[in-house]
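Chemist: run11.txt (compact mmCIF, C-alpha atoms) pasted underneath:
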# COMPACT_ATOMS: atom_id res chain seq x y z
CA MET A 3 4.26 -3.76 12.94
CA SER A 4 5.50 -1.44 15.61
CA GLU A 5 2.88 0.95 16.97
CA PRO A 6 2.07 3.75 14.49
CA ALA A 7 4.38 6.61 15.33
CA VAL A 8 1.80 9.36 14.95
CA CYS A 9 3.73 11.47 17.48
CA THR A 10 6.40 11.93 14.81
CA ILE A 11 4.01 13.60 12.39
CA ALA A 12 1.81 16.66 12.14
CA VAL A 13 -0.70 17.78 9.54
CA ALA A 14 0.46 20.80 7.53
CA CYS A 15 -2.16 22.84 5.70
CA LEU A 16 -0.60 24.39 2.60
CA ASP A 17 -3.78 26.08 1.42
CA ALA A 18 -5.85 28.30 3.73
CA GLY A 19 -9.03 27.19 1.98
CA LEU A 20 -8.43 23.61 3.12
CA ARG A 21 -7.94 24.36 6.80
CA ALA A 22 -11.19 22.65 7.83
CA ARG A 23 -10.12 19.44 6.10
CA ALA A 24 -6.64 19.66 7.61
CA ASP A 25 -8.12 20.16 11.09
CA ALA A 26 -10.37 17.12 10.62
CA LEU A 27 -7.43 14.94 9.54
CA ALA A 28 -5.34 16.12 12.48
CA HIS A 29 -8.19 15.33 14.86
CA GLU A 30 -8.53 11.85 13.37
CA LEU A 31 -4.81 11.18 13.84
CA GLY A 32 -4.59 12.91 17.21
CA VAL A 33 -1.74 15.18 16.07
CA PRO A 34 -1.25 18.95 15.68
CA CYS A 35 -2.41 20.89 12.64
CA ILE A 36 -0.10 23.67 11.52
CA ASP A 37 -0.04 26.23 8.73
CA GLY A 38 2.60 25.95 6.06
CA SER A 39 3.31 26.71 2.44
CA ALA A 40 4.89 25.02 -0.52
CA GLU A 41 8.11 26.88 0.30
CA SER A 42 8.27 26.72 4.10
CA TRP A 43 7.03 23.33 5.31
CA ARG A 44 10.49 21.71 5.11
CA LEU A 45 11.77 24.21 7.68
CA LEU A 46 9.42 23.03 10.46
CA PRO A 47 11.83 21.17 12.77
CA ASP A 48 9.47 19.76 15.39
CA TRP A 49 8.16 16.87 13.27
CA PRO A 50 10.23 14.61 11.00
CA PHE A 51 7.15 13.89 8.88
CA LEU A 52 4.25 16.03 7.72
CA LEU A 53 0.97 15.02 6.15
CA LEU A 54 0.67 17.77 3.56
CA VAL A 55 -2.82 19.00 2.65
CA SER A 56 -3.07 20.92 -0.63
CA ASP A 57 -5.22 21.27 -3.74
CA ALA A 58 -3.27 18.36 -5.24
CA GLY A 59 -4.43 16.03 -2.47
CA LEU A 60 -2.59 14.47 0.44
CA ALA A 61 1.14 13.79 0.40
CA LEU A 62 3.77 12.67 2.90
CA GLY A 63 6.72 15.00 3.33
CA GLN A 64 9.92 14.64 5.32
CA THR A 65 11.45 17.70 6.93
CA GLY A 66 15.13 18.45 7.49
CA GLY A 67 18.09 19.09 5.26
CA GLU A 68 17.53 16.33 2.69
CA ARG A 69 15.16 17.77 0.08
CA ILE A 70 13.20 14.64 -0.76
CA THR A 71 10.15 15.22 -2.95
CA PRO A 72 6.91 14.43 -1.07
CA VAL A 73 5.31 11.14 -2.00
CA ARG A 74 1.66 10.29 -2.45
CA ALA A 75 -0.45 7.30 -3.40
CA ASP A 76 -1.65 7.85 -6.95
CA PHE A 77 -3.61 5.37 -9.05
CA GLY A 78 -3.17 7.62 -12.09
CA ASP A 79 0.61 7.97 -11.75
CA ALA A 80 2.28 8.33 -15.15
CA ALA A 81 4.88 5.63 -14.49
CA LEU A 82 2.18 3.22 -13.31
CA MET A 83 0.02 3.92 -16.36
CA HIS A 84 2.99 3.35 -18.68
CA ARG A 85 3.69 0.04 -16.94
CA LEU A 86 0.08 -1.08 -17.25
CA ARG A 87 -0.17 -0.28 -20.96
CA GLY A 88 2.77 -2.54 -21.70
CA SER A 89 1.87 -5.49 -19.52
CA GLY A 90 -0.64 -8.29 -19.35
CA PRO A 91 -1.37 -10.99 -16.79
CA ARG A 92 1.59 -13.08 -17.92
CA GLY A 93 3.92 -10.09 -17.91
CA GLU A 94 3.37 -9.23 -14.26
CA ASP A 95 4.99 -11.53 -11.69
CA VAL A 96 2.41 -10.63 -9.04
CA ALA A 97 -0.41 -11.60 -11.42
CA ARG A 98 1.23 -14.90 -12.35
CA ALA A 99 1.81 -15.72 -8.68
CA LEU A 100 -1.83 -15.08 -7.79
CA GLY A 101 -3.11 -17.02 -10.81
CA VAL A 102 -4.65 -14.20 -12.83
CA PRO A 103 -3.82 -15.88 -16.18
CA GLU A 104 -5.78 -18.93 -15.00
CA ARG A 105 -8.77 -17.13 -13.52
CA ARG A 106 -9.68 -13.64 -14.71
CA GLY A 107 -11.78 -11.50 -12.42
CA LEU A 108 -10.26 -12.90 -9.24
CA ARG A 109 -11.41 -11.65 -5.84
CA VAL A 110 -8.10 -10.61 -4.28
CA VAL A 111 -7.25 -9.13 -0.90
CA ASP A 112 -4.08 -7.05 -0.74
CA ALA A 113 -3.71 -7.33 3.02
CA THR A 114 -0.74 -4.96 3.33
CA ALA A 115 -1.68 -2.40 0.70
CA GLY A 116 0.99 0.24 1.30
CA TRP A 117 1.07 2.64 -1.64
CA GLY A 118 -1.44 0.50 -3.54
CA ARG A 119 0.65 -0.18 -6.64
CA ASP A 120 0.20 -3.95 -6.68
CA SER A 121 -3.51 -3.44 -6.06
CA ALA A 122 -3.71 -1.06 -9.03
CA VAL A 123 -1.90 -3.53 -11.30
CA LEU A 124 -4.28 -6.32 -10.32
CA ALA A 125 -7.35 -4.09 -10.74
CA ALA A 126 -6.13 -3.04 -14.18
CA LEU A 127 -5.96 -6.75 -15.07
CA GLY A 128 -9.60 -7.24 -14.10
CA CYS A 129 -9.33 -8.37 -10.47
CA GLU A 130 -11.71 -7.15 -7.78
CA VAL A 131 -9.27 -5.98 -5.14
CA THR A 132 -9.84 -5.22 -1.47
CA MET A 133 -6.96 -3.23 -0.01
CA ILE A 134 -6.32 -3.39 3.73
CA GLU A 135 -4.05 -0.85 5.43
CA ARG A 136 -3.62 -0.46 9.17
CA HIS A 137 -1.25 2.48 9.49
CA PRO A 138 -3.49 5.54 9.95
CA VAL A 139 -1.41 7.92 7.83
CA VAL A 140 -0.96 5.50 4.93
CA GLY A 141 -4.66 4.67 5.13
CA LEU A 142 -5.49 8.35 4.68
CA LEU A 143 -3.13 8.61 1.71
CA LEU A 144 -4.76 5.59 0.07
CA ALA A 145 -8.28 6.89 0.72
CA ASP A 146 -7.33 10.23 -0.84
CA ALA A 147 -5.80 8.49 -3.87
CA LEU A 148 -8.91 6.38 -4.37
CA ALA A 149 -11.20 9.42 -4.17
CA ARG A 150 -9.07 11.24 -6.75
CA ALA A 151 -9.11 8.18 -9.02
CA VAL A 152 -12.89 7.86 -8.83
CA ALA A 153 -13.20 11.51 -9.91
CA SER A 154 -10.48 11.33 -12.58
CA GLU A 155 -11.14 12.63 -16.07
CA ARG A 156 -9.29 9.60 -17.46
CA THR A 157 -11.42 6.55 -18.17
CA GLU A 158 -8.61 4.07 -17.51
CA VAL A 159 -8.05 5.49 -14.04
CA ARG A 160 -11.75 5.42 -13.17
CA GLU A 161 -11.94 1.80 -14.35
CA ILE A 162 -9.11 0.85 -12.00
CA ALA A 163 -10.79 2.69 -9.11
CA ALA A 164 -14.08 0.88 -9.78
CA ARG A 165 -12.40 -2.45 -8.99
CA LEU A 166 -10.73 -1.23 -5.79
CA ARG A 167 -12.06 -0.86 -2.28
CA LEU A 168 -10.22 0.11 0.89
CA LEU A 169 -10.58 -1.23 4.41
CA ARG A 170 -8.60 0.51 7.14
CA GLY A 171 -7.64 -1.67 10.07
CA ASP A 172 -5.44 -4.53 11.25
CA ALA A 173 -5.50 -7.16 8.50
CA ARG A 174 -5.38 -10.02 11.00
CA GLU A 175 -8.63 -8.82 12.57
CA VAL A 176 -10.22 -8.00 9.21
CA LEU A 177 -9.46 -11.46 7.84
CA ALA A 178 -10.59 -13.20 11.03
CA THR A 179 -13.97 -11.44 10.96
CA TRP A 180 -14.46 -11.49 7.17
CA SER A 181 -18.06 -11.35 5.96
CA GLY A 182 -19.33 -12.06 2.48
CA PRO A 183 -17.68 -14.27 -0.16
CA PRO A 184 -14.12 -15.11 0.87
CA PRO A 185 -11.30 -13.94 -1.37
CA GLU A 186 -9.97 -16.41 -3.88
CA ALA A 187 -6.41 -15.16 -3.32
CA ILE A 188 -4.61 -13.04 -0.73
CA LEU A 189 -1.42 -11.04 -1.27
CA LEU A 190 0.91 -10.15 1.61
CA ASP A 191 3.82 -7.72 1.36
CA PRO A 192 5.07 -7.34 4.95
CA MET A 193 7.70 -4.83 5.97
CA PHE A 194 11.03 -6.15 7.19
CA PRO A 195 14.14 -4.45 8.58
CA GLU A 196 16.35 -2.72 6.04
CA ARG A 197 19.71 -4.40 5.73
CA ALA A 198 21.43 -1.19 4.69
CA ARG A 199 20.75 2.36 3.64
CA SER A 200 21.65 3.18 0.07
CA ALA A 201 20.72 5.54 -2.72
CA ALA A 202 19.12 2.57 -4.45
CA VAL A 203 16.41 2.33 -1.78
CA ARG A 204 13.34 4.03 -3.20
CA LYS A 205 12.23 7.08 -1.28
CA GLU A 206 8.77 5.54 -0.79
CA MET A 207 10.34 2.56 1.00
CA ARG A 208 12.53 4.86 3.08
CA PHE A 209 9.41 6.73 4.21
CA PHE A 210 7.77 3.43 5.07
CA HIS A 211 10.66 2.14 7.13
CA ASP A 212 11.14 5.42 8.96
CA LEU A 213 7.48 6.13 9.65
CA ILE A 214 5.92 2.69 9.97
CA GLY A 215 8.55 0.28 11.23
CA ASP A 216 8.55 -3.48 10.68
CA ASP A 217 5.76 -6.05 10.54
CA ALA A 218 6.90 -8.34 13.34
CA ASP A 219 3.52 -10.09 13.29
CA ALA A 220 3.82 -11.16 9.64
CA PRO A 221 3.81 -14.93 10.47
CA ALA A 222 0.46 -14.49 12.27
CA LEU A 223 -0.89 -12.58 9.28
CA LEU A 224 0.16 -15.42 6.97
CA GLU A 225 -1.67 -17.87 9.21
CA ALA A 226 -4.85 -15.74 9.06
CA ALA A 227 -4.57 -15.47 5.27
CA LEU A 228 -4.16 -19.24 4.83
CA ALA A 229 -7.27 -19.79 6.96
CA LEU A 230 -9.44 -17.51 4.76
CA ALA A 231 -8.23 -17.68 1.15
CA LEU A 232 -10.02 -20.15 -1.11
CA HIS A 233 -7.23 -20.93 -3.57
CA ARG A 234 -3.87 -19.39 -2.72
CA VAL A 235 -1.83 -16.98 -0.65
CA VAL A 236 1.17 -15.14 -2.07
CA VAL A 237 3.89 -13.44 -0.01
CA LYS A 238 6.04 -10.77 -1.67
CA ARG A 239 9.64 -10.87 -0.47
CA PRO A 240 13.02 -9.38 -1.38
CA ARG A 241 14.66 -11.69 -3.91
CA LYS A 242 17.30 -13.13 -1.57
CA ALA A 243 15.34 -13.00 1.68
CA PRO A 244 14.36 -16.20 3.49
CA ALA A 245 10.79 -17.43 3.38
CA LEU A 246 8.43 -16.04 5.98
CA ALA A 247 8.98 -17.90 9.25
CA GLY A 248 6.61 -20.73 10.03
CA SER A 249 5.67 -22.01 6.58
CA GLN A 250 7.57 -22.88 3.41
CA PRO A 251 6.00 -22.01 0.04
CA SER A 252 5.31 -24.67 -2.56
CA TYR A 253 7.13 -22.61 -5.19
CA ALA A 254 8.20 -19.07 -5.99
CA ILE A 255 8.22 -16.69 -8.93
CA THR A 256 11.46 -14.72 -8.84
CA GLY A 257 12.22 -11.44 -10.55
CA ARG A 258 15.28 -9.21 -10.57
CA SER A 259 14.77 -7.82 -7.07
CA THR A 260 11.53 -9.37 -5.81
CA ARG A 261 10.28 -12.88 -5.17
CA PHE A 262 6.67 -14.05 -4.84
CA ASP A 263 6.33 -17.10 -2.57
CA VAL A 264 3.21 -19.07 -3.49
CA TYR A 265 1.12 -21.10 -1.02
CA PRO A 266 -1.50 -22.96 -3.12
CA LEU A 267 -4.53 -24.31 -1.28
CA ARG A 268 -6.64 -25.75 -4.11
CA ARG A 269 -6.84 -25.53 -7.88
CA TYR A 270 -8.93 -22.90 -9.61
CA ASP A 271 -12.04 -24.41 -11.16
Translate the structure described by the file into structure tokens.
Modeler:
Amino acid sequence: MSEPAVCTIAVACLDAGLRARADALAHELGVPCIDGSAESWRLLPDWPFLLLVSDAGLALGQTGGERITPVRADFGDAALMHRLRGSGPRGEDVARALGVPERRGLRVVDATAGWGRDSAVLAALGCEVTMIERHPVVGLLLADALARAVASERTEVREIAARLRLLRGDAREVLATWSGPPPEAILLDPMFPERARSAAVRKEMRFFHDLIGDDADAPALLEAALALALHRVVVKRPRKAPALAGSQPSYAITGRSTRFDVYPLRRYD
């Protein structure tokens, strides 16, 4: 991944009562903290991105003329909950790739957690999931989402949160210095260059590409994952993309737009 572009972002406090929290977040990121409002933050031209601090939690906003709704990590998101109610371990490609139907309660590391959706799906299916995220802004968004999920009034959301934990740092270093029982499976979802801009590209992915950049060190991360995982490593890829350089998967599970390349190491007991 290219170096985190924190110089392109500021923290915007949308609620005066949260200024202390906003100041602390800005200090952690080493960026300015500015005052804003729900109506005016888009008009701040000095930063293309803003980490928005409000009563609803943290969100990532993009300034400028295109009025894109801010995005946030949310383990209680309505669309995610609807998806989870209608799926089981054999209905989710990511679960099948990792072997959830064969071994319930898997210890899984999601080494490139991003917005945390795959982690939430796996936790909902009974896995114990460790999320790793190295980009400082995305790490803050995930930590905020996890805190909100732990405090949720909805039992199903709290149950998901209870099976999630977050580590913030470079996944290669985290995996290389892992302590405790090793994960049975590791999921990788590295960022790669966009081939083209289109309306079909989800706004969350557009934010990621613009703010984070690409994961040029993905082959090294795959190597670290293969050295630690007990049973298998799975790499999430665009459906028609080539396999990650350096190692060919044994097989793949392919969906409409996404492919899961599977690197089995040994059978589940």
Chemist: For a test of reading the model, state the distance in Å between atom CA of A:Asp17 and atom CA of A:Arg44, rounded to one decimal.
Modeler: 15.4 Å
Chemist: To one decimal place, how far is atom CA of A:Ala226 from atom CA of A:Leu177 in Å?
Modeler: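 Atom CA of A:Leu177 lies at a distance of 6.4 Å from atom CA of A:Ala226.
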Chemist: I need the residue nearest A:Leu189 from this list: A:Ala151, A:Ile162, A:Ala173, A:Leu62. Use all atoms listed in the file for the distance.
Modeler: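 For A:Leu189, the nearest of the candidates is A:Ala173.
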Chemist: Quick one: residues within 7 Å of A:Leu232, all atoms listed in the file, excluding same-chain residues fewer than 5 positions away - as number ranges by chain?
Modeler: A: 184-187, 267
Chemist: Given the choices A:Ala97, A:Leu46, A:Ala22, A:Val110, which gets closest to A:Leu230 if the distance is worked out from all atoms listed in the file?
Modeler: A:Val110
Chemist: Which of these, A:Ala227, A:Ala164, A:Gly107, A:Pro138, has the shortest distance to A:Thr179 once you count all atoms listed in the file?
Modeler: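 Looking only at the distances to A:Thr179, the closest residue turns out to be A:Ala227.
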Chemist: Could you pull out every residue with an atom within 10 Å of (11.7, 20.9, 8.6), file coordinates, counting only C-alpha atoms, and send them as a ChimeraX atom specification?
Modeler: /A:42-52,63-69
Chemist: Kindly indicate which residue among A:Ala61, A:Val111, A:Val139, A:Ala218 lies nearest to A:Leu31, using all atoms listed in the file for the distances.
Modeler: A:Val139
Chemist: How many Å separate atom CA of A:Pro34 from atom CA of A:Leu60?
Modeler: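 The value is 15.9 Å.
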Chemist: With 10 Å as the threshold, what does the neighbourhood of (-5.4, 15.4, 1.3) contain in terms of residues, counting all atoms listed in the file? Coordinates are those of the file; answer as a tab-separated table (two decimals) with C-alpha atoms, in the coordinates of the input.
Modeler:
chain	number	residue	atom	x	y	z
A	13	VAL	CA	-0.70	17.78	9.54
A	15	CYS	CA	-2.16	22.84	5.70
A	20	LEU	CA	-8.43	23.61	3.12
A	23	ARG	CA	-10.12	19.44	6.10
A	24	ALA	CA	-6.64	19.66	7.61
A	27	LEU	CA	-7.43	14.94	9.54
A	53	LEU	CA	0.97	15.02	6.15
A	54	LEU	CA	0.67	17.77	3.56
A	55	VAL	CA	-2.82	19.00	2.65
A	56	SER	CA	-3.07	20.92	-0.63
A	57	ASP	CA	-5.22	21.27	-3.74
A	58	ALA	CA	-3.27	18.36	-5.24
A	59	GLY	CA	-4.43	16.03	-2.47
A	60	LEU	CA	-2.59	14.47	0.44
A	61	ALA	CA	1.14	13.79	0.40
A	62	LEU	CA	3.77	12.67	2.90
A	74	ARG	CA	1.66	10.29	-2.45
A	142	LEU	CA	-5.49	8.35	4.68
A	143	LEU	CA	-3.13	8.61	1.71
A	144	LEU	CA	-4.76	5.59	0.07
A	145	ALA	CA	-8.28	6.89	0.72
A	146	ASP	CA	-7.33	10.23	-0.84
A	147	ALA	CA	-5.80	8.49	-3.87
A	149	ALA	CA	-11.20	9.42	-4.17
A	150	ARG	CA	-9.07	11.24	-6.75
Chemist: If I wrap all listed atoms of stretch 144-156 of chain A in a box with edges along x, y and z and add 4 Å on each side, what are its centre and edge lengths in Å to one decimal, as AutoDock Vina command-line options?
Modeler:
--center_x -9.0 --center_y 9.1 --center_z -8.4 --size_x 16.4 --size_y 15.0 --size_z 26.2
Chemist: Since fewer atoms than expected are present, regenerate N, CA and C atoms for stretch 16-37 of chain A and write them as a tab-separated table (two decimals), keeping the file's coordinate frame.
Modeler:
chain	number	residue	atom	x	y	z
A	16	LEU	N	-1.31	23.53	3.53
A	16	LEU	CA	-0.60	24.39	2.60
A	16	LEU	C	-1.51	25.33	1.84
A	17	ASP	N	-2.80	25.24	2.10
A	17	ASP	CA	-3.78	26.08	1.42
A	17	ASP	C	-4.82	26.50	2.45
A	18	ALA	N	-4.95	27.80	2.69
A	18	ALA	CA	-5.85	28.30	3.73
A	18	ALA	C	-7.29	27.83	3.51
A	19	GLY	N	-7.68	27.63	2.27
A	19	GLY	CA	-9.03	27.19	1.98
A	19	GLY	C	-9.31	25.76	2.39
A	20	LEU	N	-8.27	25.01	2.72
A	20	LEU	CA	-8.43	23.61	3.12
A	20	LEU	C	-8.20	23.40	4.61
A	21	ARG	N	-8.24	24.47	5.37
A	21	ARG	CA	-7.94	24.36	6.80
A	21	ARG	C	-8.93	23.44	7.53
A	22	ALA	N	-10.21	23.50	7.16
A	22	ALA	CA	-11.19	22.65	7.83
A	22	ALA	C	-10.86	21.17	7.60
A	23	ARG	N	-10.48	20.82	6.37
A	23	ARG	CA	-10.12	19.44	6.10
A	23	ARG	C	-8.86	19.05	6.87
A	24	ALA	N	-7.88	19.94	6.89
A	24	ALA	CA	-6.64	19.66	7.61
A	24	ALA	C	-6.92	19.46	9.10
A	25	ASP	N	-7.77	20.30	9.68
A	25	ASP	CA	-8.12	20.16	11.09
A	25	ASP	C	-8.79	18.81	11.35
A	26	ALA	N	-9.67	18.39	10.44
A	26	ALA	CA	-10.37	17.12	10.62
A	26	ALA	C	-9.39	15.95	10.56
A	27	LEU	N	-8.43	16.01	9.64
A	27	LEU	CA	-7.43	14.94	9.54
A	27	LEU	C	-6.55	14.91	10.78
A	28	ALA	N	-6.16	16.06	11.27
A	28	ALA	CA	-5.34	16.12	12.48
A	28	ALA	C	-6.09	15.55	13.68
A	29	HIS	N	-7.38	15.87	13.76
A	29	HIS	CA	-8.19	15.33	14.86
A	29	HIS	C	-8.28	13.81	14.77
A	30	GLU	N	-8.45	13.30	13.56
A	30	GLU	CA	-8.53	11.85	13.37
A	30	GLU	C	-7.25	11.16	13.81
A	31	LEU	N	-6.10	11.78	13.49
A	31	LEU	CA	-4.81	11.18	13.84
A	31	LEU	C	-4.38	11.49	15.26
A	32	GLY	N	-5.00	12.50	15.87
A	32	GLY	CA	-4.59	12.91	17.21
A	32	GLY	C	-3.25	13.62	17.22
A	33	VAL	N	-3.01	14.46	16.20
A	33	VAL	CA	-1.74	15.18	16.07
A	33	VAL	C	-2.04	16.65	15.82
A	34	PRO	N	-1.03	17.52	15.93
A	34	PRO	CA	-1.25	18.95	15.68
A	34	PRO	C	-1.53	19.24	14.22
A	35	CYS	N	-2.22	20.35	13.98
A	35	CYS	CA	-2.41	20.89	12.64
A	35	CYS	C	-1.73	22.25	12.59
A	36	ILE	N	-0.86	22.43	11.62
A	36	ILE	CA	-0.10	23.67	11.52
A	36	ILE	C	-0.26	24.27	10.13
A	37	ASP	N	-0.02	25.57	10.03
A	37	ASP	CA	-0.04	26.23	8.73
A	37	ASP	C	1.33	26.15	8.09
